[in-house]
>>> print(open('query26.txt').read())   # compact mmCIF, C-alpha atoms
# COMPACT_ATOMS: atom_id res chain seq x y z
CA MET Q 170 0.00 0.00 0.00
CA ASP Q 171 1.22 3.49 -0.89
CA ILE Q 172 0.05 6.61 0.95
CA THR Q 173 0.91 10.00 -0.56
CA TRP Q 174 0.18 13.38 1.02
CA TYR Q 175 -0.66 16.55 -0.92
CA GLY Q 176 -0.97 18.92 2.03
CA HIS Q 177 -3.60 19.72 4.65
CA SER Q 178 -5.85 16.62 4.94
CA CYS Q 179 -5.53 15.38 1.36
CA PHE Q 180 -4.02 11.94 0.77
CA ARG Q 181 -4.06 9.41 -2.04
CA ILE Q 182 -4.17 5.79 -0.90
CA THR Q 183 -3.45 3.05 -3.40
CA GLU Q 184 -2.88 -0.68 -3.27
CA ARG Q 185 -2.13 -2.97 -6.20
CA ASN Q 186 -5.26 -4.43 -7.81
CA ARG Q 187 -7.51 -2.31 -5.59
CA ILE Q 188 -9.29 1.02 -5.90
CA SER Q 189 -7.51 4.33 -5.34
CA VAL Q 190 -8.87 6.69 -2.69
CA VAL Q 191 -8.39 10.45 -2.29
CA THR Q 192 -9.31 12.09 1.01
CA ASP Q 193 -10.40 15.71 1.53
CA PRO Q 194 -9.29 17.40 -1.72
CA PHE Q 195 -8.84 21.12 -1.07
CA SER Q 196 -9.47 24.29 -3.07
CA GLU Q 197 -7.01 27.04 -4.04
CA ASN Q 198 -8.16 29.40 -1.26
CA LEU Q 199 -5.91 27.47 1.14
CA GLY Q 200 -2.88 28.90 -0.63
CA LEU Q 201 -1.44 25.46 -1.44
CA PRO Q 202 -1.04 23.97 -4.94
CA VAL Q 203 -4.29 22.17 -5.73
CA PRO Q 204 -3.66 18.51 -6.60
CA ARG Q 205 -5.39 17.35 -9.79
CA LEU Q 206 -5.65 13.65 -9.11
CA LYS Q 207 -7.40 10.59 -10.44
CA ALA Q 208 -9.29 8.44 -7.97
CA ASP Q 209 -11.99 5.79 -7.83
CA VAL Q 210 -13.31 7.07 -4.51
CA VAL Q 211 -13.20 10.47 -2.79
CA THR Q 212 -14.06 10.89 0.88
CA ILE Q 213 -15.13 14.22 2.37
CA SER Q 214 -14.82 14.66 6.13
CA HIS Q 215 -16.88 17.86 6.22
CA ASP Q 216 -18.29 20.46 3.89
CA GLU Q 217 -15.67 23.21 3.79
CA PRO Q 218 -13.46 24.41 0.88
CA GLY Q 219 -10.34 23.00 2.52
CA HIS Q 220 -11.83 19.52 2.44
CA ASN Q 221 -14.49 19.16 -0.27
CA ASN Q 222 -13.07 20.25 -3.64
CA VAL Q 223 -14.29 17.22 -5.61
CA SER Q 224 -14.04 19.23 -8.85
CA ALA Q 225 -10.25 18.96 -8.58
CA ILE Q 226 -10.47 15.21 -9.22
CA LYS Q 227 -9.91 14.50 -12.92
CA SER Q 228 -11.83 11.21 -12.98
CA THR Q 229 -15.46 10.57 -12.05
CA PRO Q 230 -15.15 9.05 -8.59
CA VAL Q 231 -17.67 7.71 -6.12
CA VAL Q 232 -18.01 10.49 -3.53
CA ILE Q 233 -18.58 9.55 0.11
CA SER Q 234 -19.49 12.45 2.38
CA SER Q 235 -21.44 10.96 5.27
CA PRO Q 236 -21.18 8.23 7.90
CA GLY Q 237 -22.11 4.70 6.88
CA GLU Q 238 -20.69 1.44 5.59
CA TYR Q 239 -19.59 1.07 1.98
CA GLU Q 240 -17.94 -1.65 -0.11
CA ILE Q 241 -16.35 -0.46 -3.34
CA GLY Q 242 -13.99 -2.51 -5.46
CA GLY Q 243 -13.30 -4.97 -2.67
CA VAL Q 244 -12.41 -2.21 -0.18
CA PHE Q 245 -14.57 -1.71 2.90
CA ILE Q 246 -15.00 1.94 3.90
CA THR Q 247 -16.63 2.94 7.17
CA GLY Q 248 -17.64 6.54 7.83
CA ILE Q 249 -17.84 7.38 11.52
CA ALA Q 250 -19.51 10.55 12.85
CA LEU Q 251 -17.14 12.55 15.07
CA HIS Q 252 -19.08 15.76 15.56
CA SER Q 253 -18.46 17.86 18.64
CA THR Q 254 -20.94 19.90 20.69
CA ALA Q 255 -18.26 21.50 22.85
CA GLU Q 256 -18.74 24.87 21.15
CA SER Q 257 -21.84 27.01 20.72
CA ALA Q 258 -22.72 25.15 17.53
CA VAL Q 259 -22.29 21.53 16.48
CA ARG Q 260 -19.25 20.96 14.23
CA TRP Q 261 -19.80 18.01 11.94
CA ASN Q 262 -16.90 15.79 10.98
CA ALA Q 263 -16.61 12.24 9.68
CA ALA Q 264 -13.66 9.91 10.08
CA TYR Q 265 -13.13 7.21 7.48
CA ARG Q 266 -11.67 3.77 8.04
CA PHE Q 267 -10.36 2.04 4.90
CA ASP Q 268 -10.09 -1.73 5.15
CA PHE Q 269 -7.98 -3.14 2.33
CA ASP Q 270 -7.02 -6.82 2.14
CA ASN Q 271 -4.21 -6.68 4.65
CA PHE Q 272 -4.13 -3.15 6.05
CA THR Q 273 -6.42 -0.61 7.70
CA VAL Q 274 -6.09 3.16 7.41
CA LEU Q 275 -8.01 5.65 9.56
CA HIS Q 276 -8.39 9.28 8.42
CA LEU Q 277 -9.70 11.49 11.24
CA GLY Q 278 -10.66 14.54 9.16
CA ASP Q 279 -10.94 17.69 11.28
CA LEU Q 280 -11.27 15.90 14.60
CA ALA Q 281 -11.01 18.56 17.31
CA HIS Q 282 -11.56 16.62 20.53
CA VAL Q 283 -10.32 13.44 22.17
CA PRO Q 284 -12.98 10.77 21.45
CA ASP Q 285 -14.58 8.74 24.22
CA GLN Q 286 -13.72 5.09 24.74
CA SER Q 287 -16.72 3.73 22.84
CA THR Q 288 -15.72 5.75 19.78
CA ILE Q 289 -12.11 4.58 20.05
CA GLU Q 290 -13.35 0.99 20.16
CA SER Q 291 -15.47 1.56 17.05
CA PHE Q 292 -12.29 2.29 15.08
CA GLY Q 293 -11.09 -1.28 15.57
CA GLU Q 294 -7.48 -2.17 14.80
CA VAL Q 295 -5.71 0.65 12.96
CA ASN Q 296 -2.48 0.06 11.06
CA VAL Q 297 -2.03 3.61 9.73
CA LEU Q 298 -3.49 6.68 11.46
CA LEU Q 299 -3.80 9.94 9.49
CA LEU Q 300 -4.05 12.51 12.26
CA PRO Q 301 -4.65 16.29 12.48
CA VAL Q 302 -2.02 17.83 14.77
CA GLY Q 303 -1.79 21.56 14.08
CA GLY Q 304 -4.72 23.05 15.95
CA GLY Q 305 -7.01 25.49 14.18
CA ASN Q 306 -10.25 23.53 13.81
CA GLY Q 307 -8.41 20.27 14.48
CA LEU Q 308 -6.55 18.62 17.32
CA ARG Q 309 -3.75 20.48 19.06
CA ALA Q 310 -0.43 18.70 19.48
CA SER Q 311 -1.04 17.50 23.03
CA GLN Q 312 -4.54 16.24 22.16
CA ALA Q 313 -3.19 14.48 19.08
CA ALA Q 314 -0.59 12.66 21.17
CA GLU Q 315 -3.35 11.54 23.53
CA VAL Q 316 -5.40 10.18 20.62
CA VAL Q 317 -2.39 8.20 19.39
CA ALA Q 318 -2.02 6.60 22.82
CA LEU Q 319 -5.70 5.58 22.79
CA ILE Q 320 -5.81 4.16 19.25
CA GLU Q 321 -2.38 2.47 19.35
CA PRO Q 322 -1.72 2.35 15.59
CA SER Q 323 1.41 0.94 13.95
CA TYR Q 324 2.07 4.10 11.92
CA VAL Q 325 1.08 7.71 12.55
CA VAL Q 326 1.15 10.25 9.74
CA PRO Q 327 0.55 13.83 10.93
CA MET Q 328 -1.57 16.15 8.76
CA HIS Q 329 -3.43 19.45 9.03
CA TYR Q 330 -0.53 21.60 10.27
CA ALA Q 331 1.39 24.70 9.18
CA LEU Q 332 2.97 24.60 5.71
CA PRO Q 333 4.62 27.33 3.59
CA GLY Q 334 1.90 29.24 1.75
CA LEU Q 335 -0.98 27.89 3.82
CA GLN Q 336 -3.51 30.66 4.43
CA LEU Q 337 -4.53 29.35 7.85
CA GLU Q 338 -2.97 29.91 11.25
CA MET Q 339 -1.78 26.52 12.38
CA GLU Q 340 0.97 25.11 14.54
CA PRO Q 341 4.05 23.41 13.03
CA VAL Q 342 4.42 19.64 13.06
CA ASP Q 343 7.43 19.99 15.39
CA LYS Q 344 5.11 20.70 18.29
CA PHE Q 345 3.39 17.35 17.79
CA LEU Q 346 6.69 15.53 17.43
CA LYS Q 347 7.81 17.03 20.75
CA ALA Q 348 4.56 15.97 22.42
CA MET Q 349 5.18 12.44 21.11
CA GLY Q 350 8.77 12.44 22.38
CA VAL Q 351 10.08 11.83 18.86
CA SER Q 352 13.72 12.78 18.46
CA THR Q 353 14.49 11.03 15.16
CA VAL Q 354 11.95 11.80 12.45
CA GLN Q 355 11.24 9.43 9.58
CA GLU Q 356 10.63 11.66 6.55
CA THR Q 357 9.67 10.35 3.11
CA ASP Q 358 7.68 11.23 -0.01
CA VAL Q 359 5.47 8.14 0.14
CA LEU Q 360 4.64 5.79 3.00
CA LYS Q 361 4.91 2.24 1.68
CA VAL Q 362 3.27 -0.33 3.93
CA SER Q 363 3.80 -4.03 3.31
CA GLY Q 364 4.32 -7.23 5.22
CA GLU Q 365 4.23 -7.35 9.00
CA MET Q 366 3.65 -4.27 11.10
CA PRO Q 367 6.57 -2.78 13.09
CA GLU Q 368 6.87 -3.81 16.72
CA SER Q 369 6.89 -0.20 17.93
CA LEU Q 370 4.99 2.89 16.82
CA GLN Q 371 6.41 4.63 13.75
CA VAL Q 372 5.79 8.38 13.29
CA VAL Q 373 6.21 9.22 9.61
CA VAL Q 374 6.30 12.82 8.34
CA LEU Q 375 5.38 12.90 4.67
CA THR Q 376 6.65 15.58 2.28
CA PRO Q 377 3.62 17.18 0.56
CA GLN Q 378 3.66 16.33 -3.14
CA GLN Q 379 2.84 18.84 -5.87
CA PRO Q 380 1.60 17.03 -8.98
CA SER Q 381 2.14 18.95 -12.21
CA ALA Q 382 -1.00 17.64 -13.78
>>> encode(input="query26.txt", output="structure tokens")
Amino acid sequence: MDITWYGHSCFRITERNRISVVTDPFSENLGLPVPRLKADVVTISHDEPGHNNVSAIKSTPVVISSPGEYEIGGVFITGIALHSTAESAVRWNAAYRFDFDNFTVLHLGDLAHVPDQSTIESFGEVNVLLLPVGGGNGLRASQAAEVVALIEPSYVVPMHYALPGLQLEMEPVDKFLKAMGVSTVQETDVLKVSGEMPESLQVVVLTPQQPSA
């Protein structure tokens, strides 16, 4: 399985002989280069320009934008409601769990609170966790570290944090790495997951890709 990051909360997840998935494609008002990708499925965590720019997808994908259970091309996708009522108004957000043949990936969208135990249990076993860490409308670094401890994934890929050009005030990824006690950072363009899972947690910082077409 290959997981590629394009900035903010947008990833492309591919596995040989399976569908390709793009999460939370964003619009140009974020200030980041808009990825023009092909995908079989697009998931939308919530209806905001930084997360719902389906028009950027060059193919004609199946769009999933609400909680529920889906099976597409042999991949099981579960949308889980993670809305919060901690503020004056309800903020809606959906997490998506992708269950491929051998691996599970959980994308937490704009999660802004530490979920309760029943919600954590609903996630099941998570091999790769795609986690907001930069504050704003998402988890702050300390909260994100707490969520990691509760979910206990094999890999954590931080997202939704400050990047050059981003037109949002967010914290840098370094703050999350400090909260996690990570001194040596694994940085790469693409996270390739295969075979057995590592014995200890791996925090992987992906370099945002900028496709030319």
>>> atom_distance(input="query26.txt", atom1="CA of Leu206 (chain Q)", atom2="CA of Ile226 (chain Q)")
5.1 Å
>>> closest_residue(input="query26.txt", among="Q:Ala331, Q:Leu319, Q:Leu346, Q:Val326", to="Val359 (chain Q)", atoms="all atoms listed in the file")
Q:Val326
>>> residues_around(input="query26.txt", residues="Asp193 (chain Q)", least_positions_apart="3", cutoff="8 Å", atoms="only C-alpha atoms", output="PyMOL selection string")
chain Q and resi 178-180+211-214+219-222+278
>>> atom_distance(input="query26.txt", atom1="CA of Asp279 (chain Q)", atom2="CA of Leu370 (chain Q)")
22.4 Å
>>> atom_distance(input="query26.txt", atom1="CA of Met366 (chain Q)", atom2="CA of Phe292 (chain Q)")
17.7 Å
>>> closest_residue(input="query26.txt", among="Q:Glu338, Q:Val231, Q:Asp358, Q:Ser311", to="Asp209 (chain Q)", atoms="all atoms listed in the file")
Q:Val231
>>> residues_near_point(input="query26.txt", point="(-5.4, 15.9, 18.3)", cutoff="7 Å", atoms="all atoms listed in the file", output="PyMOL selection string")
chain Q and resi 280-283+301-302+307-314+316
>>> closest_residue(input="query26.txt", among="Q:Glu240, Q:Val373, Q:Thr192, Q:Glu315", to="Thr353 (chain Q)", atoms="all atoms listed in the file")
Q:Val373
>>> closest_residue(input="query26.txt", among="Q:Leu199, Q:Ser287, Q:Gly303, Q:Phe267", to="Pro341 (chain Q)", atoms="only C-alpha atoms")
Q:Gly303
>>> closest_residue(input="query26.txt", among="Q:Pro327, Q:Lys344, Q:Gly334, Q:Ser228", to="Leu375 (chain Q)", atoms="all atoms listed in the file")
Q:Pro327
>>> closest_residue(input="query26.txt", among="Q:Gln371, Q:Ser224, Q:Val317, Q:Arg185", to="Pro284 (chain Q)", atoms="all atoms listed in the file")
Q:Val317
>>> axis_aligned_box(input="query26.txt", around="region 274-291 of chain Q", padding_each_side="5 Å", output="JSON")
{"center_x": -11.4, "center_y": 9.8, "center_z": 16.1, "size_x": 20.6, "size_y": 27.6, "size_z": 27.3}
